[in-house]
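Below is one structure, written out as structure tokens, with a few remarks after it.
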Amino acid sequence: MKRVIVMILCFFLIPVTSLFTSEEGQIYLQSIRIEGNRVTKERYIRNLITLDEDRSYEFDEIIDQINRSRENLELTGLFSNVFFNDELDDQNNLVLTVQLKERNYFFFGPSGYLGYEGGEFYSVVSLYADYTNLFGNASRLLVEVPFYRDYGIIARFKGGSDSVQYMVGIDARYDNYFDENVQKFVVGLGYGFSERFLLGTNIHVSRESPRTLEDHTLSTVFLPYLRFGYAQRLSMKQKSWYSLYLAPYLGINHGSVDGSEFYGIDSRLSLNWDVFLKIVFSLNVYASYQDGDVPNDYIIQSNIRGTYYDVYRGSYLFSVTSEFDFPWPWNNSIHLVPFLDYGMIGDSEVTFLLGGGLGLHWYTKYQNPLVLELAYGKGVMLNLTKRF
Amino acid sequence: MKRLTHTLLIILLMIFFSSSVLLAGGRKSKRQELIFWHSMSIYQGDSLENLVDEYNASDNSVHVNLVFQGLYPEMKAKLINAVRTGNTPDIAQVAIEYLDVFVVDGHVEPITEFISEEDRNDILNQFWSGVTRDREVYAFPFNLSVQVLYYNKDAFRQSGLDPEKPPKTWNEVIEYGKQLTRDFDNNGIVDQWGVLVSLEGVFGFTPLIRQVGGEFLSEDRKRALFNSEAGVRVMTLVQDMAYVYRIMPSNWSLFEGTTAFLEGKIVMGPITCAGIKFAEENLPWELGIAPLPYIENKSVLLGGAGLVNLAKSSSRRREVFNFITWLTQKQNCIRWHMETGYLPLRKSAIESFELQGFHRLNPNYRIPVEQLPYSRPPDFTPYLPQIDQVIRYAIEDIMINQKDPRIILDLAAEKTDDILRSEDG
């Protein structure tokens with residue numbers, strides 16, 4: 001009889017003693033190890049992990065915190081795989097190892113467009129480079145070097161934590177269309193109230209010097225902005241996602257036209273639906289308006305593919321761009337993207353624009369993606385614009 | 001014009017430069033190449049390809065070359081041809097029900113002695129039983145699955161049913177089905193069917209027979225048992241769903257049923273758990289997953305495939321084994337489950353915090369794992385493909401021509417016995 005009682009006791013004791021649990025049914029987390037981060041700084045990763053070493057947790061709590069930490073790590077976009085491996089040390093305490101697989105952080109490729117419209121050829125070509133994990137803390141450096149028609153350099157550095165984000169940048173380029181040199185200094189600060197809601201402001205100090213004149217325009221532009229929603233899909237289970245961007249601005253001109261002002265607003269609503277079998281339909285609605293003594297570099301221009309962007313300018317724009325994204329069934333890195341754009345732009349007179357065509361987006365290790373779009377609108381255009 | 005030519009030239013050079021850097025990055029020095037024939041189509045195929053790419057990218061002397069050889073039946077036919085001509089791949093993914101075809105003729109050697117104690121204990125017994133014949137292991141378990149009940153949560157809501165309370169038994173399926181089967185435009189044609197039980201041959205029929213205490217074949221595999229009272233009871237139940245309760249179309253093929261399910265014209269149906277990922281990401285309505293309903297006892301059929309080592313030299317066999325060990329290690333097991341819906345093979349994977357965290361966020365994936373304690377593989381015999389064909393015809397006769405289940409199952413059992421007797425002879 002004693003033997004039976006002992007056996008029954010043993011049976012009930014096994015689940016209590018076998019799994020990391022202390023007498024109170026808690027799990028003692030001894031340490032957290034990080035593996036697989038060759039570029040990303042360990043301190044940056046640890047800040048995203050919501051578990052503490054040398055602490056006891058309830059089972060449910062630890063599972064929730066692992067999920068939360070994984071989400072934080074995945075949202076950085078720096079890792080292709082995040083895995084929390086659990087092991088026991090000699091004292092039967094939990095040791096968590098966060099095993100990470102880093103993505104490629106360096107992208108580069110061509111950007112710009114060339115086309116034929118109204119009997120004339122036009123083209124703007126540049127090279128871009130994009131490094132997404134500078135200093136190992138998800139800071140980003142974007143550099144674009146226009147070298148055909150326009151030339152110079154455009155650079156932006158973006159950094160910060162998950163809630164506070166900052167940006168600094170410079171433009172130093174020659175704009176062939178207006179035949180002027182443009183120098184610009186840009187700073188920005190943003191605060192994320194949640195993952196979906198970001199408020200911030202950018203300040204531009206811009207100098208435009210026409211080559212044919214000795215005069216120049218110096219402007220200071222204040223651009224507060226609001227971003228709501230998700231520009232990127234968070235998981236494949238998400239069937240639809242959207243984002244809204246609103247940016248009113250106020251500019252003050254100094255120099256020759258001292259004291260004059262300009263103001264306006266840019267807005268974009270982006271809606272995306274996963275229709276079926278990873279086929280995504282995207283609809284972007286743009287509305288912009290401006291008034292005042294607007295420097296050339298800030299004048300609203302068309303975004304309708306198949307029309308010469310520089311030619312169609314005005315003080316307001318309303319446009320809708322739409323596209324289907326079809327992953328090639330036998331090679332998911334290649335996407336076919338038929339698109340149709342519509343817009344109206346102008347001042348006192350309105351120009352209606354319609355463009356459409358077929359794009360090939362090739363996602364490679366170094367291009368995200370390489371864009372080749374053949375568009376037909378007012379003319380014919382080969383569009384290579386990598387949209388940051 | 002000259003300007004345009006320059007521009008075009010520059011762009012082409014840039015594209016060439018971008019692509020050539022990419023290609024150059026992909027080149028590696030010559031390594032031993034292992035050919036891996038597989039049957040994973042689009043979704044699972046992508047996931048398998050990613051895993052194999054990772055293995056190839058890791059610092060080792062082997063490069064695994066994945067070759068898609070069609071779905072399981074096509075793979076079986078190609079592999080039979082390959083073993084006859086001696087042009088076998090190094091690794092082949094063989095459905096567990098086709099394994100006997102290669103075992104009986106001695107084309108596959110046992111791997112029992114190469115399996116480590118750790119793997120033997122960590123991989124669940126159910127999975128080993130799917131690849132074991134006469135106490136010898138002939139393949140390494142890889143992609144294994146069970147059937148679960150898929151259901152359309154949106155349709156549940158529209159019919160006033162709680163989407164978080166799916167039916168547990170087949171009797172409940174009938175009750176739910178009555179509410180879910182609807183003719184929206186009152187034209188006398190059903191627009192939405194409550195359920196589709198496409199008893200596709202052995203695999204649909206076996207678990208239901210086991211649910212009422214019956215068996216499909218005798219233990220010595222010499223006699224059909226599916227025409228027992230248990231078999232008749234099951235077929236009568238399914239027939240009644242179509243003709244008595246009218247909650248199920250009577251003559252739809254699996255393809256028609258799947259298409260209708262995708263379109264939302266079928267609300268519930270037993271489908272393999274290997275499709276959960278695909279369904280969650282692609283269906284235009286909210287997917288619910290529930291355990292396979294039961295009649296009296298809970299029972300589900302374990303299906304899927306194992307990896308067969310067909311390498312000829314001992315060094316290649318060792319490399320194949322290293323690769324398979326890597327492919328089925330705890331972390332990859334969990335990833336394979338998350339990316340496809342196939343079952344996690346290892347106890348260490350099932351108990352891991354990683355998987356439990358994933359299941360908390362993705363409860364649909366937990367259901368097939370919960371069914372593991374009562375999962376069993378089919379009754380293996382080298383003649384299972386032929387018997388499967390006999391059963392398919394029998395089910396068609398019962399469902400489409402409304403024949404008496406008892407008479408049809410007796411006839412099918414006679415044919416099955418003949419097939420099994422030919423095995424003896």
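Going through the structure tokens in order, the chains are called A, B, and so on, while each chain numbers its residues from 1 and the ligands are numbered from 1 in the order shown.
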Within 6 Å of chain A, which residues of chain B show up? Give each one with its shortest atom-to-atom distance in Å (one decimal) and the two atoms involved, counting only C-alpha atoms, rows by chain then rising residue number, as a tab-separated table.
residue	atom	partner	partner_atom	distance
B:Glu281	CA	A:Lys237	CA	4.9
B:Asn282	CA	A:Leu277	CA	5.2
B:Glu354	CA	A:Phe84	CA	5.6
B:Gly357	CA	A:Ile63	CA	5.2
Export, as a compact mmCIF listing (two decimals), in the first residue's frame, the selected residues with N, CA and C atoms.
# COMPACT_ATOMS: atom_id res chain seq x y z
N GLU B 281 -3.56 32.87 -44.94
CA GLU B 281 -3.02 34.03 -45.65
C GLU B 281 -3.78 34.36 -46.93
N ASN B 282 -4.54 33.41 -47.44
CA ASN B 282 -5.13 33.65 -48.75
C ASN B 282 -6.65 33.65 -48.81
N GLU B 354 9.10 29.03 -27.57
CA GLU B 354 8.95 29.64 -28.89
C GLU B 354 7.63 29.18 -29.54
N GLY B 357 4.54 30.27 -27.56
CA GLY B 357 4.26 31.68 -27.82
C GLY B 357 3.59 31.87 -29.16
If we count only C-alpha atoms and set the cut-off at 7 Å, which residues sit around stretch 142-146 of chain B, ignoring sequence neighbours fewer than 4 positions away in its own chain? Please answer as a PyMOL selection string. chain B and resi 272-274+300-307+328+342-343+368
Keeping only N, CA, C and O atoms, take the residues you just selected and write them out as an mmCIF file, in the first residue's frame.
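Result went into part-v1.cif, see below:
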data_model
loop_
_atom_site.group_PDB
_atom_site.id
_atom_site.type_symbol
_atom_site.label_atom_id
_atom_site.label_comp_id
_atom_site.auth_asym_id
_atom_site.auth_seq_id
_atom_site.Cartn_x
_atom_site.Cartn_y
_atom_site.Cartn_z
ATOM 1 N N THR B 272 -6.322 18.708 -44.538
ATOM 2 C CA THR B 272 -5.025 18.510 -43.882
ATOM 3 C C THR B 272 -4.531 19.800 -43.218
ATOM 4 O O THR B 272 -4.717 20.896 -43.759
ATOM 5 N N CYS B 273 -3.865 19.624 -42.071
ATOM 6 C CA CYS B 273 -3.342 20.796 -41.362
ATOM 7 C C CYS B 273 -2.210 21.457 -42.138
ATOM 8 O O CYS B 273 -1.831 22.596 -41.846
ATOM 9 N N ALA B 274 -1.669 20.770 -43.137
ATOM 10 C CA ALA B 274 -0.569 21.341 -43.923
ATOM 11 C C ALA B 274 -1.038 22.541 -44.762
ATOM 12 O O ALA B 274 -0.222 23.204 -45.381
ATOM 13 N N VAL B 300 -7.577 10.381 -35.575
ATOM 14 C CA VAL B 300 -7.221 11.070 -36.831
ATOM 15 C C VAL B 300 -6.106 10.283 -37.501
ATOM 16 O O VAL B 300 -5.354 9.564 -36.844
ATOM 17 N N LEU B 301 -6.042 10.450 -38.801
ATOM 18 C CA LEU B 301 -5.042 9.727 -39.580
ATOM 19 C C LEU B 301 -3.795 10.579 -39.760
ATOM 20 O O LEU B 301 -3.885 11.759 -40.087
ATOM 21 N N LEU B 302 -2.660 9.944 -39.538
ATOM 22 C CA LEU B 302 -1.389 10.631 -39.738
ATOM 23 C C LEU B 302 -0.937 10.394 -41.175
ATOM 24 O O LEU B 302 -0.836 9.260 -41.617
ATOM 25 N N GLY B 303 -0.714 11.473 -41.878
ATOM 26 C CA GLY B 303 -0.243 11.348 -43.268
ATOM 27 C C GLY B 303 0.994 12.182 -43.465
ATOM 28 O O GLY B 303 1.499 12.806 -42.537
ATOM 29 N N GLY B 304 1.473 12.198 -44.693
ATOM 30 C CA GLY B 304 2.645 13.022 -44.981
ATOM 31 C C GLY B 304 3.774 12.194 -45.561
ATOM 32 O O GLY B 304 3.530 11.137 -46.163
ATOM 33 N N ALA B 305 4.989 12.664 -45.356
ATOM 34 C CA ALA B 305 6.117 11.993 -46.005
ATOM 35 C C ALA B 305 7.350 11.986 -45.125
ATOM 36 O O ALA B 305 7.470 12.772 -44.194
ATOM 37 N N GLY B 306 8.233 11.087 -45.481
ATOM 38 C CA GLY B 306 9.531 11.010 -44.816
ATOM 39 C C GLY B 306 10.636 11.199 -45.843
ATOM 40 O O GLY B 306 10.389 11.199 -47.052
ATOM 41 N N LEU B 307 11.856 11.353 -45.364
ATOM 42 C CA LEU B 307 12.989 11.547 -46.263
ATOM 43 C C LEU B 307 13.795 10.254 -46.346
ATOM 44 O O LEU B 307 14.213 9.714 -45.316
ATOM 45 N N THR B 328 15.804 18.766 -39.663
ATOM 46 C CA THR B 328 14.755 18.401 -38.711
ATOM 47 C C THR B 328 15.123 18.771 -37.275
ATOM 48 O O THR B 328 14.472 18.319 -36.345
ATOM 49 N N TYR B 342 2.450 22.007 -41.150
ATOM 50 C CA TYR B 342 2.829 20.628 -40.846
ATOM 51 C C TYR B 342 3.166 20.505 -39.356
ATOM 52 O O TYR B 342 3.545 21.479 -38.708
ATOM 53 N N LEU B 343 3.065 19.276 -38.846
ATOM 54 C CA LEU B 343 3.247 19.058 -37.409
ATOM 55 C C LEU B 343 4.705 19.219 -36.986
ATOM 56 O O LEU B 343 5.607 18.827 -37.741
ATOM 57 N N PRO B 368 -3.950 20.948 -34.587
ATOM 58 C CA PRO B 368 -3.378 19.656 -35.036
ATOM 59 C C PRO B 368 -2.414 19.058 -34.023
ATOM 60 O O PRO B 368 -2.357 17.833 -33.893
#
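Between atom CA of B:Pro110 and atom CA of B:Val137 the interatomic distance comes to 5.4 Å.
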Would you kindly return, as a PyMOL selection string, each protein, DNA or RNA residue with an atom no farther than 8 Å from any atom of A:Asp293, considering only C-alpha atoms and excluding same-chain residues fewer than 2 positions away? chain A and resi 253+260-262+291+295
Atoms kept (all heavy atoms) for selection, written as a JSON list (two decimals), in the first residue's frame:
[["chain", "number", "residue", "atom", "x", "y", "z"],
["A", 253, "ASN", "N", 10.68, 83.26, -47.24],
["A", 253, "ASN", "CA", 11.79, 83.56, -48.14],
["A", 253, "ASN", "C", 12.61, 84.73, -47.59],
["A", 253, "ASN", "O", 12.07, 85.74, -47.16],
["A", 253, "ASN", "CB", 11.26, 83.93, -49.53],
["A", 253, "ASN", "CG", 10.54, 82.76, -50.17],
["A", 253, "ASN", "OD1", 11.00, 81.62, -50.08],
["A", 253, "ASN", "ND2", 9.41, 83.03, -50.80],
["A", 260, "SER", "N", 8.72, 87.51, -48.20],
["A", 260, "SER", "CA", 7.60, 86.83, -48.85],
["A", 260, "SER", "C", 7.45, 85.43, -48.24],
["A", 260, "SER", "O", 8.40, 84.87, -47.70],
["A", 260, "SER", "CB", 7.80, 86.74, -50.35],
["A", 260, "SER", "OG", 8.84, 85.84, -50.64],
["A", 261, "GLU", "N", 6.27, 84.89, -48.36],
["A", 261, "GLU", "CA", 5.97, 83.61, -47.72],
["A", 261, "GLU", "C", 5.31, 82.65, -48.70],
["A", 261, "GLU", "O", 4.80, 83.07, -49.75],
["A", 261, "GLU", "CB", 5.01, 83.83, -46.55],
["A", 261, "GLU", "CG", 5.60, 84.55, -45.37],
["A", 261, "GLU", "CD", 4.57, 84.80, -44.28],
["A", 261, "GLU", "OE1", 3.37, 84.50, -44.49],
["A", 261, "GLU", "OE2", 4.98, 85.29, -43.22],
["A", 262, "PHE", "N", 5.33, 81.43, -48.37],
["A", 262, "PHE", "CA", 4.51, 80.45, -49.09],
["A", 262, "PHE", "C", 4.04, 79.41, -48.08],
["A", 262, "PHE", "O", 4.63, 79.23, -47.01],
["A", 262, "PHE", "CB", 5.27, 79.82, -50.25],
["A", 262, "PHE", "CG", 6.46, 78.99, -49.87],
["A", 262, "PHE", "CD1", 6.36, 77.61, -49.75],
["A", 262, "PHE", "CD2", 7.70, 79.59, -49.63],
["A", 262, "PHE", "CE1", 7.46, 76.84, -49.40],
["A", 262, "PHE", "CE2", 8.80, 78.82, -49.27],
["A", 262, "PHE", "CZ", 8.69, 77.46, -49.17],
["A", 291, "ASP", "N", 0.33, 77.93, -51.97],
["A", 291, "ASP", "CA", 0.11, 79.31, -52.41],
["A", 291, "ASP", "C", 1.27, 80.16, -51.91],
["A", 291, "ASP", "O", 1.99, 79.77, -51.00],
["A", 291, "ASP", "CB", -1.23, 79.83, -51.85],
["A", 291, "ASP", "CG", -1.74, 81.03, -52.66],
["A", 291, "ASP", "OD1", -1.07, 81.40, -53.65],
["A", 291, "ASP", "OD2", -2.78, 81.58, -52.29],
["A", 295, "PRO", "N", 9.37, 78.70, -53.96],
["A", 295, "PRO", "CA", 10.62, 78.43, -54.68],
["A", 295, "PRO", "C", 10.45, 77.24, -55.63],
["A", 295, "PRO", "O", 9.61, 76.36, -55.38],
["A", 295, "PRO", "CB", 11.61, 78.09, -53.55],
["A", 295, "PRO", "CG", 11.00, 78.59, -52.31],
["A", 295, "PRO", "CD", 9.53, 78.55, -52.50]]
Top pick for closest residue to A:Asp162, considering A:Val143, A:Leu198, A:Met381, A:Ile304 and counting only C-alpha atoms: A:Leu198
